[in-house]
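Note sheet for the following structure.
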Amino acid sequence: MNSTVAAKNGDYTIPKLHYINAAKGLKSWLTTVDHKRIAILYLISVTIAFFLGGIFALLIRLELFKPGEQFYGPDLYNQFFTLHGAIMIFLFIIPSAPAVFGNFVLPLQIGAIDVAFPKLNLASWYLYVIGASFAVYSMLTSAIDTGWTFYTPYSTSTSTAVISMTFGVFILGFSSIFTGMNFIVTVHRLRAPGLTWFKLPLMTWALYATAIIQVLATPVLAITLLLLILEKAFGIGIFDPAMGGDPVLFQHFFWFYSHPAVYIMILPGMGVISDLIACFSRRNIFGYKFIAFSSLAIAFLGFLVWGHHMYTSGQSELSSVIFSFLTFMVAIPSAIKVFNWTTTMYKGSISLETPMLYAMAFIFLFAIGGLTGITLGALSVDIHLHDTYYVVAHFHYVMIGGAVIAFLGGIHFWWPKMFGRMYNNFWSVVAFVFVFVGFNLTFMTQFFLGSKGMPRRYHDYLPEFAQLNGFSSVGALIQGIGYTIILINMIVSLKRGKPAGPNPWGARTLEWEHTTSPPDEHNFDGVPAITHDPYDFRAPK
Amino acid sequence: MSDSSTHPSYLHHHYGDVDQQREAAKLGMWIFLVTEVLFFGGLFCVYAIYRSWHPEMFINAHHALDWRMGGINTLVLIASSVTMAMAIRSFQVDKPKQGIGMMWATVLLACTFMVIKYFEYSHKFHVGQLPGKFYTYTGIEGTNPHIFFSIYFAMTGLHGIHVLIGIGVILWLMTKARKGSYHSGYYTPIEVTGLYWHLVDLIWIFLFPLFYLIG
Amino acid sequence: MTDNNTQSEHKDHILPVKMYLTVGAVLFFLTIVTVAVSRFDFGQFNLIIAMIIAIIKASIVGLFFMHLLWDRRFYMSAMLMSMLFLGVFIIITMSDTMRRGDIYEEVRHPIVREAAIYKNIDKSENDSHSGDNHDEAKKDDDEDQHAPTH
């Protein structure tokens, strides 16, 4: 197998043969069972989804730039926020970190040649594409303006595009389920000899916990959507009040998946942050077991709190109180992680590479997002804040400030491993600044808008909200520029980036120490020997 | 990397040995069964809630179901579980012909189940006991009896679809078994299909008393 | 979590034919018991007794046919965990559905007590009875109008 050769001046070369040029042609990519290629297929797909969802976001902020109707009316506005939500959640965020990083990095981190079920892995990607096609098809043919939450009775009485959209999401759900199944079996059965559970990188732990949620929660979404389709087609009378059903029951079913889903969105990101903080502080992660077990705790506790989305829906007062109490509990494991990350950095040898910038931004932004979640979890406060922009700000802080920032950190970290080339550092920092500043401008203002009473999902607002809305829209534009710079920077690096070598960051996990950049088709030369802990920066190389 | 003499054709390249592959396949199927439990579980939740809201209506409505047909179907599925387990055992002791015979028996029993279901369904269609807005039967007292039939058709229908899928998979395995693909060293696909089949039986074990024997 | 994935802990265990047939017979017997027990009225325990028998049958299928008695403990744990989560879902959701109307009596029941389809069925069924049904339907309509929309 070819390895990289360091020339005299420390430059590296790309190995002659690796997983990207191992086979040529579109067909070889569309029929691949190589987990690394499947990861790239997902990367392309979720990037397209991200920018598509982003266009809808910009359309929303465009209309909200000034009060009054500027460019389009309420019906179109309702469609735009529905599609923004549905695309971002189902086509981007939920697949992104598990399917991109999980697929690429998980087998490498455990010393395996591939995932447990490579063909099922490819099937997962095809299910993603088919589901996404249904979703895009419904978008283009008919109006869906129910919100991404599809609440009954509106979703049962409105246009039939709801059926094709929910069917698309149903299929996407199976993509997620099969990925989860694959990862659980991979971590249990395919670890290299000597790689015990507590020698695994925390990224692996995070992906494992995420997979548990995917497997337990997504089937409930599947049955929910199936019942919704039956309700529309046959009027079965489960969720539609006109037929004797209960709309709040729909919300129970929907949120039983959708709350754990937010932990699907954030857990892999937290795994990325653990790997990044340790590497760029050059220190062993503080409280390894606490972080590992807190991932499992988040996975389990996340299933107990779904009713906090429904305090004002008409559910019984008793269950609202129960859910509020449980919601406070679920914050604890996340807080444990934040303390461990910051303690890892203390007296560490910090280097401010771009991935580290994202990691540090994550800790700050996720803290805001998480704490504002607690505010909303308090039953008495949520009565006033529910369905206001406070909620919108909260979940964007955890979804963008948390999951997307972590995703970008991971991209900037593993890019040289995936493609063998380093991106331009200056532009990556510029983009980071645009993203960070733009994001905070967009959404910090929305906390104030919400607590002043501006409701969400309204295409217009009172004049007193105008200034903050203006700032928010400007922020959205700045963010968009930042993401575009990242896209261009990465694509350009594929041709013009400097070869990065096997381990440009000096990390100690298996994917960095035992593979080339890009890795060989079969990952490792023989079975890698486990000689030290994943974050032991003092162990000999 | 193991060399080709110890690398049988059914061992995929990313596994070190057959045992690792087999345990991985079994774990994968058990995780899939976990998803099935949660999938059907949602419908059991719907059942529990609507029964708690309309207990009298459920009791009245369930008389429309024939407990004898339901009972026979229960025995039929249990028997098919026995034959499926025996099929796996046959391959374990290198008796492929007997194994294929057992798989035939499983398929026939499963088809019997579907035939009985067909008679049940067609009777209901005939008298108007249809799900949701197509319900036209007048003989049941209580609030919104159509909901009972909606839940009945949703649960038994979904279960029936799983039976059909099981029949299809077993038939496909039989074609491969006839070519000699399965023997005491490798019968994993049949083993994991057996696990799936037993779950289908398990779900019916709960459906039978909940729909046919209320009150 | 002490799995060592390169070592085979699990040798093929081949169970005797007699065992499968006996287990099948026990399940047949328990099915007959299920039907027989349903003939008696135990009041509120009807459901619990039926479910206990069903759980026993399900456990037998799992332990013997699905080999849980001899396989890795993890499979049984995974199955039990899935049922635990299902139980959490059902119980907490029912803590809502069973306790509506604790404070405001009007929201105790589902929103619409008689779906609109029944008006059509009654009308098309029998004209001579239409007078009675009409009054009943009207009564329900009045009730619905008072039901709060939340």
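Note on naming: chains are A, B, ... as they come in the structure tokens, residues start from 1 per chain, ligands start from 1 in the order shown.
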Residues near Gly302 of chain A, anyone? I mean within 8 Å using only C-alpha atoms, not counting same-chain ones fewer than 6 positions away, as a ChimeraX atom specification. /A:259-260,263,330
Deliver the residues from the most recent selection as a file, using N, CA and C atoms, as a CSV table (one decimal), in the first residue's frame.
chain,number,residue,atom,x,y,z
A,259,HIS,N,-38.7,15.2,19.9
A,259,HIS,CA,-37.8,15.7,20.9
A,259,HIS,C,-36.5,14.9,20.9
A,260,PRO,N,-36.6,13.6,21.0
A,260,PRO,CA,-35.3,12.8,20.9
A,260,PRO,C,-34.6,13.2,19.6
A,263,TYR,N,-31.9,15.5,20.0
A,263,TYR,CA,-30.7,14.9,20.5
A,263,TYR,C,-29.9,14.2,19.5
A,330,VAL,N,-33.0,16.8,32.1
A,330,VAL,CA,-32.3,16.5,30.9
A,330,VAL,C,-31.2,17.4,30.6
When you look at Ala217 of chain A with a cut-off of 10 Å (counting only C-alpha atoms), what residues show up, excluding the ones that are within fewer than 6 positions of it in the same chain? I need them as a PyMOL selection string. (chain A and resi 173+177+211+255-261+264+303) or (chain B and resi 35+38-39) or (chain C and resi 85-86)
Pull N, CA, C and O atoms from the residues just selected and write them as a compact mmCIF listing (two decimals), in the first residue's frame.
# COMPACT_ATOMS: atom_id res chain seq x y z
N GLY A 173 -37.16 8.57 7.28
CA GLY A 173 -37.05 7.97 8.61
C GLY A 173 -36.37 6.61 8.55
O GLY A 173 -35.54 6.27 9.41
N ILE A 177 -33.16 5.07 10.45
CA ILE A 177 -33.21 3.85 11.25
C ILE A 177 -32.11 2.89 10.83
O ILE A 177 -31.40 2.32 11.67
N ALA A 211 -27.19 6.65 17.64
CA ALA A 211 -27.79 5.51 16.95
C ALA A 211 -28.90 4.88 17.80
O ALA A 211 -29.91 4.43 17.26
N TRP A 255 -44.19 14.52 18.88
CA TRP A 255 -43.07 14.99 19.69
C TRP A 255 -42.34 13.86 20.39
O TRP A 255 -41.20 14.02 20.82
N PHE A 256 -42.99 12.70 20.53
CA PHE A 256 -42.26 11.58 21.12
C PHE A 256 -41.04 11.25 20.27
O PHE A 256 -40.00 10.84 20.79
N TYR A 257 -41.13 11.43 18.92
CA TYR A 257 -39.96 11.31 18.08
C TYR A 257 -39.18 12.63 18.07
O TYR A 257 -37.98 12.64 18.26
N SER A 258 -39.90 13.73 17.84
CA SER A 258 -39.19 14.96 17.48
C SER A 258 -38.39 15.54 18.62
O SER A 258 -37.46 16.31 18.37
N HIS A 259 -38.75 15.20 19.88
CA HIS A 259 -37.83 15.69 20.88
C HIS A 259 -36.53 14.89 20.90
O HIS A 259 -35.45 15.47 20.81
N PRO A 260 -36.60 13.55 21.04
CA PRO A 260 -35.33 12.82 20.90
C PRO A 260 -34.59 13.16 19.62
O PRO A 260 -33.35 13.09 19.58
N ALA A 261 -35.32 13.55 18.57
CA ALA A 261 -34.65 13.91 17.32
C ALA A 261 -33.68 15.06 17.52
O ALA A 261 -32.62 15.10 16.88
N ILE A 264 -30.62 13.63 18.44
CA ILE A 264 -29.92 13.09 17.29
C ILE A 264 -29.11 14.20 16.62
O ILE A 264 -28.00 13.99 16.14
N PHE A 303 -35.98 10.97 26.02
CA PHE A 303 -37.26 10.36 25.67
C PHE A 303 -38.37 10.72 26.64
O PHE A 303 -39.52 10.34 26.42
N THR B 35 -36.97 -1.83 16.59
CA THR B 35 -37.70 -0.78 15.86
C THR B 35 -39.13 -1.23 15.57
O THR B 35 -40.05 -0.42 15.60
N LEU B 38 -41.31 -0.65 18.63
CA LEU B 38 -41.72 0.75 18.77
C LEU B 38 -42.72 1.15 17.69
O LEU B 38 -43.63 1.94 17.93
N PHE B 39 -42.58 0.60 16.50
CA PHE B 39 -43.47 0.92 15.38
C PHE B 39 -44.89 0.45 15.68
O PHE B 39 -45.84 1.23 15.66
N PHE C 85 -39.28 1.53 26.90
CA PHE C 85 -39.54 2.83 26.28
C PHE C 85 -40.97 2.93 25.78
O PHE C 85 -41.62 3.97 25.87
N LEU C 86 -41.49 1.82 25.24
CA LEU C 86 -42.88 1.81 24.80
C LEU C 86 -43.79 2.05 25.99
O LEU C 86 -44.75 2.81 25.92
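Shortest atom-to-atom contact with chain B among C:Leu84, C:Ile49, C:Val107, C:Val61: C:Val61, counting only C-alpha atoms.
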Return as an mmCIF file with N, CA, C and O atoms, in the first residue's frame the residues belonging to chain C that are within 6 Å of chain B, counting only C-alpha atoms.
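Produced file out-v7.cif, reproduced below:
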data_model
loop_
_atom_site.group_PDB
_atom_site.id
_atom_site.type_symbol
_atom_site.label_atom_id
_atom_site.label_comp_id
_atom_site.auth_asym_id
_atom_site.auth_seq_id
_atom_site.Cartn_x
_atom_site.Cartn_y
_atom_site.Cartn_z
ATOM 1 N N ALA C 54 -50.918 -13.300 27.864
ATOM 2 C CA ALA C 54 -50.244 -12.962 26.604
ATOM 3 C C ALA C 54 -48.750 -12.751 26.836
ATOM 4 O O ALA C 54 -47.917 -13.171 26.024
ATOM 5 N N ALA C 58 -45.755 -14.697 25.103
ATOM 6 C CA ALA C 58 -44.721 -13.968 24.376
ATOM 7 C C ALA C 58 -43.343 -14.297 24.923
ATOM 8 O O ALA C 58 -42.377 -14.471 24.165
ATOM 9 N N MET C 66 -36.912 -17.949 20.020
ATOM 10 C CA MET C 66 -35.938 -16.944 19.595
ATOM 11 C C MET C 66 -34.594 -17.118 20.299
ATOM 12 O O MET C 66 -33.704 -16.297 20.141
ATOM 13 N N MET C 79 -34.351 -5.967 23.800
ATOM 14 C CA MET C 79 -35.785 -6.170 23.660
ATOM 15 C C MET C 79 -36.526 -5.582 24.857
ATOM 16 O O MET C 79 -37.532 -4.882 24.716
ATOM 17 N N SER C 82 -36.649 -1.858 24.711
ATOM 18 C CA SER C 82 -37.621 -1.312 23.765
ATOM 19 C C SER C 82 -39.004 -1.328 24.389
ATOM 20 O O SER C 82 -39.774 -0.388 24.234
ATOM 21 N N ILE C 90 -46.548 5.032 26.520
ATOM 22 C CA ILE C 90 -47.971 4.826 26.753
ATOM 23 C C ILE C 90 -48.393 5.429 28.085
ATOM 24 O O ILE C 90 -49.403 6.129 28.175
ATOM 25 N N GLU C 114 -69.916 12.621 18.430
ATOM 26 C CA GLU C 114 -70.448 11.789 17.346
ATOM 27 C C GLU C 114 -69.991 12.393 16.026
ATOM 28 O O GLU C 114 -70.382 13.505 15.664
ATOM 29 N N ILE C 121 -75.446 8.113 7.869
ATOM 30 C CA ILE C 121 -75.822 6.695 7.959
ATOM 31 C C ILE C 121 -77.257 6.593 8.450
ATOM 32 O O ILE C 121 -78.069 5.879 7.894
#
Where in segment 42-193 of chain B does DSSP assign helix (DSSP H, G or I), given as JSON, numbers by chain? {"B": [42, 43, 44, 45, 46, 47, 48, 49, 50, 51, 52, 53, 55, 56, 57, 58, 59, 60, 61, 62, 67, 68, 69, 70, 71, 72, 73, 74, 75, 76, 77, 78, 79, 80, 81, 82, 83, 84, 85, 86, 87, 88, 89, 90, 91, 92, 96, 97, 98, 99, 100, 101, 102, 103, 104, 105, 106, 107, 108, 109, 110, 111, 112, 113, 114, 115, 116, 117, 118, 119, 120, 121, 122, 123, 124, 125, 126, 127, 132, 133, 134, 146, 147, 148, 149, 150, 151, 152, 153, 154, 155, 156, 157, 158, 159, 160, 161, 162, 163, 164, 165, 166, 167, 168, 169, 170, 171, 172, 173, 174, 175, 176, 177, 178, 188, 189, 190, 191, 192, 193]}
Surrounding residues of Pro96 of chain B excluding itself and chain neighbours under 3 positions, 9 Å, only C-alpha atoms, as a list of chain:residue names: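 Counting only C-alpha atoms, the residues come to B:Ala87, B:Ser90, B:Phe91, B:Gln92, B:Val93, B:Gly99, B:Ile100, B:Gly101, B:Ala177, B:Arg178, B:Gly180, B:Tyr182, B:His183.
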Considering only C-alpha atoms, extract the chain A residues located within 8 Å of chain C and return them as an NGL selection string. :A and (188-191 or 193 or 196-197 or 216 or 241-246 or 252 or 256 or 303-304 or 313-319)
Would you write out those residues with N, CA, C and O atoms, as a tab-separated table (two decimals), in the first residue's frame?
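Below is the file selection.tsv, written as the result:
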chain	number	residue	atom	x	y	z
A	188	HIS	N	-20.47	-2.54	18.34
A	188	HIS	CA	-20.44	-3.72	19.19
A	188	HIS	C	-19.52	-4.80	18.67
A	188	HIS	O	-18.82	-5.47	19.42
A	189	ARG	N	-19.55	-5.01	17.33
A	189	ARG	CA	-18.93	-6.22	16.80
A	189	ARG	C	-17.64	-6.00	16.01
A	189	ARG	O	-16.94	-6.98	15.72
A	190	LEU	N	-17.32	-4.77	15.60
A	190	LEU	CA	-16.21	-4.62	14.66
A	190	LEU	C	-15.04	-3.82	15.21
A	190	LEU	O	-14.20	-3.36	14.46
A	191	ARG	N	-14.97	-3.68	16.53
A	191	ARG	CA	-13.84	-2.94	17.08
A	191	ARG	C	-12.57	-3.76	16.91
A	191	ARG	O	-12.58	-5.00	17.00
A	193	PRO	N	-9.04	-5.55	17.83
A	193	PRO	CA	-8.69	-6.24	19.08
A	193	PRO	C	-7.96	-5.30	20.03
A	193	PRO	O	-7.08	-4.56	19.63
A	196	THR	N	-11.13	-1.59	23.82
A	196	THR	CA	-12.26	-1.76	24.71
A	196	THR	C	-13.13	-0.50	24.66
A	196	THR	O	-12.73	0.53	24.12
A	197	TRP	N	-14.31	-0.61	25.25
A	197	TRP	CA	-15.26	0.51	25.20
A	197	TRP	C	-14.65	1.80	25.72
A	197	TRP	O	-14.88	2.88	25.15
A	216	LEU	N	-34.75	3.87	18.45
A	216	LEU	CA	-35.91	3.83	19.34
A	216	LEU	C	-36.97	4.86	18.96
A	216	LEU	O	-38.16	4.60	19.12
A	241	PRO	N	-60.37	15.75	14.87
A	241	PRO	CA	-61.49	15.89	15.81
A	241	PRO	C	-62.85	15.73	15.14
A	241	PRO	O	-63.77	15.22	15.77
A	242	ALA	N	-62.97	16.13	13.88
A	242	ALA	CA	-64.27	15.99	13.22
A	242	ALA	C	-64.70	14.54	13.14
A	242	ALA	O	-65.89	14.23	13.08
A	243	MET	N	-63.75	13.63	13.13
A	243	MET	CA	-64.08	12.21	13.05
A	243	MET	C	-63.97	11.55	14.42
A	243	MET	O	-63.92	10.33	14.51
A	244	GLY	N	-63.95	12.33	15.47
A	244	GLY	CA	-63.89	11.75	16.81
A	244	GLY	C	-62.51	11.60	17.36
A	244	GLY	O	-62.32	11.02	18.44
A	245	GLY	N	-61.52	12.09	16.66
A	245	GLY	CA	-60.14	11.92	17.09
A	245	GLY	C	-59.66	13.04	17.99
A	245	GLY	O	-60.42	13.95	18.34
A	246	ASP	N	-58.39	12.99	18.36
A	246	ASP	CA	-57.84	13.96	19.29
A	246	ASP	C	-56.58	14.60	18.71
A	246	ASP	O	-55.57	13.91	18.52
A	252	HIS	N	-48.63	14.36	20.79
A	252	HIS	CA	-47.88	13.40	21.61
A	252	HIS	C	-47.04	12.49	20.74
A	252	HIS	O	-45.85	12.29	20.98
A	256	PHE	N	-42.99	12.70	20.53
A	256	PHE	CA	-42.26	11.58	21.12
A	256	PHE	C	-41.04	11.25	20.27
A	256	PHE	O	-40.00	10.84	20.79
A	303	PHE	N	-35.98	10.97	26.02
A	303	PHE	CA	-37.26	10.36	25.67
A	303	PHE	C	-38.37	10.72	26.64
A	303	PHE	O	-39.52	10.34	26.42
A	304	LEU	N	-38.03	11.40	27.74
A	304	LEU	CA	-39.03	11.58	28.79
A	304	LEU	C	-39.66	12.97	28.79
A	304	LEU	O	-40.49	13.25	29.64
A	313	SER	N	-51.13	23.19	24.63
A	313	SER	CA	-51.94	22.52	23.62
A	313	SER	C	-53.28	22.04	24.14
A	313	SER	O	-54.17	21.73	23.36
A	314	GLY	N	-53.43	21.95	25.46
A	314	GLY	CA	-54.65	21.36	25.99
A	314	GLY	C	-54.38	20.03	26.68
A	314	GLY	O	-55.33	19.36	27.09
A	315	GLN	N	-53.13	19.65	26.80
A	315	GLN	CA	-52.84	18.43	27.55
A	315	GLN	C	-53.14	18.67	29.02
A	315	GLN	O	-53.21	19.81	29.47
A	316	SER	N	-53.29	17.59	29.76
A	316	SER	CA	-53.71	17.74	31.15
A	316	SER	C	-52.65	18.48	31.95
A	316	SER	O	-51.46	18.42	31.66
A	317	GLU	N	-53.12	19.18	32.96
A	317	GLU	CA	-52.20	19.98	33.78
A	317	GLU	C	-51.20	19.08	34.48
A	317	GLU	O	-50.02	19.42	34.64
A	318	LEU	N	-51.65	17.89	34.86
A	318	LEU	CA	-50.77	16.95	35.54
A	318	LEU	C	-49.58	16.60	34.67
A	318	LEU	O	-48.42	16.65	35.09
A	319	SER	N	-49.84	16.25	33.40
A	319	SER	CA	-48.72	15.84	32.55
A	319	SER	C	-47.81	17.03	32.25
A	319	SER	O	-46.61	16.85	32.11
When you look at Phe253 of chain A with a cut-off of 7 Å (counting only C-alpha atoms), what residues show up, excluding the ones that are within fewer than 3 positions of it in the same chain? I need them as a list in words.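 Neighbouring residues, sequence-local ones excluded: Val220, Thr224, Leu249, Phe250 and Phe256 of chain A.
Closest approach to Phe28 of chain C among C:Lys119, C:Arg73, C:His67, C:Lys57: C:Lys57, based on only C-alpha atoms.
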Interface, chain A side, toward chain B (7 Å; only C-alpha atoms) as a PyMOL selection string: chain A and resi 113-114+116+181+185+189+215-216+219-220+222-223+234-237+244+526
Output of the above residues as a CSV table (one decimal), in the first residue's frame, restricted to C-alpha atoms:
chain,number,residue,atom,x,y,z
A,113,ILE,CA,-12.5,-2.1,7.4
A,114,ASP,CA,-16.2,-1.0,7.0
A,116,ALA,CA,-21.3,-4.0,9.8
A,181,MET,CA,-28.8,-0.1,13.2
A,185,VAL,CA,-23.8,-3.3,15.4
A,189,ARG,CA,-18.9,-6.2,16.8
A,215,VAL,CA,-33.5,3.2,16.5
A,216,LEU,CA,-35.9,3.8,19.3
A,219,PRO,CA,-40.2,4.2,14.3
A,220,VAL,CA,-42.7,6.2,16.3
A,222,ALA,CA,-43.0,6.4,11.1
A,223,ILE,CA,-46.3,5.2,12.7
A,234,PHE,CA,-59.8,7.3,5.2
A,235,GLY,CA,-60.8,9.7,8.0
A,236,ILE,CA,-60.0,7.0,10.6
A,237,GLY,CA,-60.8,9.3,13.5
A,244,GLY,CA,-63.9,11.8,16.8
A,526,GLY,CA,-3.4,-5.0,8.5
A:Phe434, A:Phe339, A:Trp205, A:Tyr19: which is nearest Ser517 of chain A, counting only C-alpha atoms?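 Of all the options, A:Tyr19 lies closest to Ser517 of chain A.
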One decimal, Å: what's the distance from atom CA of Gly401 of chain A over to atom CA of Val437 of chain A, could you say?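 One can read the atom CA of Gly401 of chain A to atom CA of Val437 of chain A distance as 11.2 Å.
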Point-to-point distance from atom CA of Ser38 of chain C to atom CA of Met69 of chain B, Å rounded to tenths: 15.5 Å
Please report the interatomic distance between atom CA of Met310 of chain A and atom CA of Gln251 of chain A in Å with one decimal.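 Interatomic distance, atom CA of Met310 of chain A to atom CA of Gln251 of chain A: 7.3 Å.
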So, counting only C-alpha atoms, which residue among B:Pro55, B:Gln98, B:Val107, B:Tyr10 is closest to Gly168 of chain B? B:Val107
